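Heads up, the thing below is written out as structure tokens.
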Amino acid sequence: MSGKVYLVGAGPGDPELLTLKALRLLRSADVVLHDALVTDEILRLARPHALLIDVGKRAGRHRLTQSEINQKMIEAARWANVVVRLKGGDPLIFGRAAEEMSALRDAGIEFEVVPGITAAIAAAAQACIPLTNRGSASSITFVTAHCTEGGYPIPFEKIAASGGTVAVYMPGGRYSEISREVIAAGVAAETPCLIVSNACRENQQLLWTDLGNLPSIVPPDAPALLIIGEVVRCRDTSVAAAALLLQSETVHAFG
């Protein structure tokens with residue numbers, strides 16, 4: 001007999017942004033295997049006697065390999081009825097969900113995916129800007145600046161041709177490289193950008209700049225997300241003025 005594994009999105013970190021289903025599963029879980037980005041406030045919502053296992057991977061500090069995480073899920077499902085694999089954001093967006101679902105299928109373990117609010121949505125909401133906008137952005141592309149060795153390069157030429165919004169997950173310290181590649185792909189240096197660090201958390205930071213000035217930005221704390229596109233012009237100036245990280249030399253009036 002095996003239990004069931006739920007791949008659950010914890011959202012950006014604010015407990016009030018959990019789905020009702022995610023909350024119900026946390027309160028009934030026997031085991032919770034959680035990422036490093038899942039906040040303590042959310043973990044405290046778990047069933048009092050649930051076994052909490054930190055399987056987080058952060059910037060070169062990996063407690064477990066992905067294969068080991070997969071095995072822990074399978075082992076937990078062998079004795080527990082409800083196993084929650086709790087992931088920051090949404091499990092299906094840069095969350096290694098494909099590998100985990102494949103491992104569970106191969107082991108004959110029943111599983112279900114419970115969506116969560118992904119970082120791009122949370123970041124845009126905190127800045128009060130849209131990700132699409134009639135007349136300026138009819139599409140949005142999610143990319144990650146963190147690739148495995150030998151991974152595919154980001155196809156900025158194709159992205160630039162679409163004229164839509166670009167959300168760069170896990171930009172790390174690659175702002176200069178991203179700026180150079182996007183401008184080389186044909187995007188104007190004056191294109192506005194927004195960096196949101198720790199979206200929806202008490203230490204949230206917002207930085208407003210443009211592609212040309214992106215390399216001069218002091219990288220904020222991770223987790224961070226970079227939004228590139230005309231939608232950034234839709235900002236509410238009061239939101240920008242209240243940003244926790246505001247450097248006058250990198251803040252511009254976009255029109």
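Simple scheme: letters A, B, ... for chains in structure tokens order, numbers from 1 for residues in each chain, numbers from 1 for ligands in the order shown.
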Taking only residues of range 78-186 of chain A that have an atom at most 8 Å from an atom of range 19-29 of chain A, what is each one's shortest atom pair and its distance in Å to one decimal, using only C-alpha atoms, in chain and number order, as JSON lines?
{"residue": "A:Asn81", "atom": "CA", "partner": "A:Ala29", "partner_atom": "CA", "distance": 7.8}
{"residue": "A:Val82", "atom": "CA", "partner": "A:Ala29", "partner_atom": "CA", "distance": 4.9}
{"residue": "A:Val83", "atom": "CA", "partner": "A:Ala29", "partner_atom": "CA", "distance": 5.7}
{"residue": "A:Val84", "atom": "CA", "partner": "A:Ala29", "partner_atom": "CA", "distance": 6.3}
{"residue": "A:Val114", "atom": "CA", "partner": "A:Ala22", "partner_atom": "CA", "distance": 6.8}
{"residue": "A:Gly116", "atom": "CA", "partner": "A:Thr19", "partner_atom": "CA", "distance": 7.0}
Prev. selection, C-alpha atoms, output as a short mmCIF file (atom, residue, chain, number, x, y, z; two decimals), in the first residue's frame:
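Here's the written file selection-v6.cif:
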data_model
loop_
_atom_site.label_atom_id
_atom_site.label_comp_id
_atom_site.auth_asym_id
_atom_site.auth_seq_id
_atom_site.Cartn_x
_atom_site.Cartn_y
_atom_site.Cartn_z
CA ASN A 81 -0.92 8.45 3.66
CA VAL A 82 -0.42 12.10 2.64
CA VAL A 83 2.96 13.37 1.47
CA VAL A 84 3.29 17.05 0.50
CA VAL A 114 -1.60 21.73 -6.77
CA GLY A 116 0.64 28.08 -6.65
#
Members of range 91-202 of chain A assigned strand (DSSP E or B) by DSSP, as a list in words:
Glu110, Phe111, Glu112, Val113, Val114, Asn133, Ala137, Ile140, Thr141, Phe142, Val143, Thr144, Thr165, Val166, Ala167, Val168, Tyr169, Pro192, Cys193, Leu194, Ile195, Val196 and Ser197 of chain A
Students should find that CA of Val32 in chain A and CA of Leu52 in chain A are spaced 4.9 Å
Which one of A:Gln126, A:Asn213, A:Gln71, A:Thr132 sits closest to Arg201 in chain A if you count only C-alpha atoms?
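Of all the options, A:Gln126 lies closest to Arg201 in chain A.
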Of the listed residues A:Ile140, A:Leu33, A:Val113, A:Ala119, that which approaches Ile74 in chain A most closely, counting only C-alpha atoms:
A:Leu33
Please identify all polymer residues within 9 Å of range 186-192 of chain A, counting only C-alpha atoms, omitting same-chain residues fewer than 5 positions from it, and present them as a compact mmCIF listing (two decimals) with C-alpha atoms, in the first residue's frame.
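To be explicit, this is the file written out as selection31.txt:
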# COMPACT_ATOMS: atom_id res chain seq x y z
CA PHE A 156 16.64 36.28 -26.73
CA GLU A 157 16.41 36.91 -30.50
CA ALA A 160 12.77 40.15 -28.71
CA ALA A 161 10.91 39.57 -31.96
CA GLY A 163 7.72 42.31 -28.49
CA SER A 179 21.52 43.38 -20.44
CA GLU A 181 22.40 39.77 -24.60
CA TRP A 208 13.30 50.35 -11.27
CA THR A 209 15.77 50.89 -14.10
CA ASP A 210 16.22 50.21 -17.84
CA LEU A 211 18.24 47.76 -19.90
CA GLY A 212 21.10 50.18 -20.47
CA ASN A 213 21.53 50.84 -16.75
CA ILE A 227 10.82 41.92 -15.54
CA ILE A 228 11.77 43.49 -18.90
CA GLY A 229 9.28 45.25 -21.14
CA GLU A 230 7.00 48.17 -21.85
CA VAL A 231 4.56 47.02 -19.16
CA VAL A 232 6.99 48.38 -16.57
CA ARG A 233 6.00 51.88 -17.73
CA HIS A 252 14.22 56.81 -14.34
CA PHE A 254 9.85 56.25 -18.27
Residue with smallest distance to Leu131 in chain A - pool A:Ala107, A:Arg85, A:Arg63, A:Leu226, counting only C-alpha atoms
A:Leu226
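Proximity of A:Ile121, A:Pro153, A:Lys158, A:Val166 to Ser139 in chain A, computed with only C-alpha atoms, is greatest for A:Val166.
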Taking 4 positions as the minimum chain separation for residues in the same chain, which residues sit within 12 Å of Lys72 in chain A when counting only C-alpha atoms? Answer as a count of residues only.
26
For CA of Pro219 in chain A and CA of Ala10 in chain A, the interatomic separation in Å (one decimal):
24.8 Å
Using only C-alpha atoms, which protein or nucleic acid residues come within 10 Å of Met101 in chain A? Drop anything in the same chain fewer than 3 positions from it, and give the result as a compact mmCIF listing (two decimals) with C-alpha atoms, in the first residue's frame.
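Printed below is out_14.txt as written:
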# COMPACT_ATOMS: atom_id res chain seq x y z
CA VAL A 5 2.18 12.58 -3.04
CA LEU A 7 3.30 18.55 -5.47
CA ASN A 70 12.95 11.88 -5.53
CA ARG A 96 11.99 20.40 -11.36
CA ALA A 97 8.46 18.97 -11.31
CA ALA A 98 9.01 16.93 -14.49
CA LEU A 104 6.81 8.92 -8.92
CA ARG A 105 5.34 7.37 -12.09
CA ASP A 106 8.20 4.91 -12.34
CA ALA A 107 7.70 3.93 -8.69
CA ILE A 109 3.15 6.25 -6.65
CA GLU A 110 -0.07 8.20 -7.09
CA PHE A 111 0.45 11.96 -7.23
CA GLU A 112 -1.35 15.23 -7.88
CA VAL A 113 -0.16 18.77 -8.68
What does the distance from CA of Gly172 in chain A to CA of Asp221 in chain A come to in Å, to one decimal?
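We find that CA of Gly172 in chain A and CA of Asp221 in chain A lie 8.8 Å from each other.
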From the list A:Ser176, A:Gln205, A:Ser138, A:Asn198, which residue is nearest Thr39 in chain A when using only C-alpha atoms?
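So, comparing all the options, the nearest one is A:Asn198.
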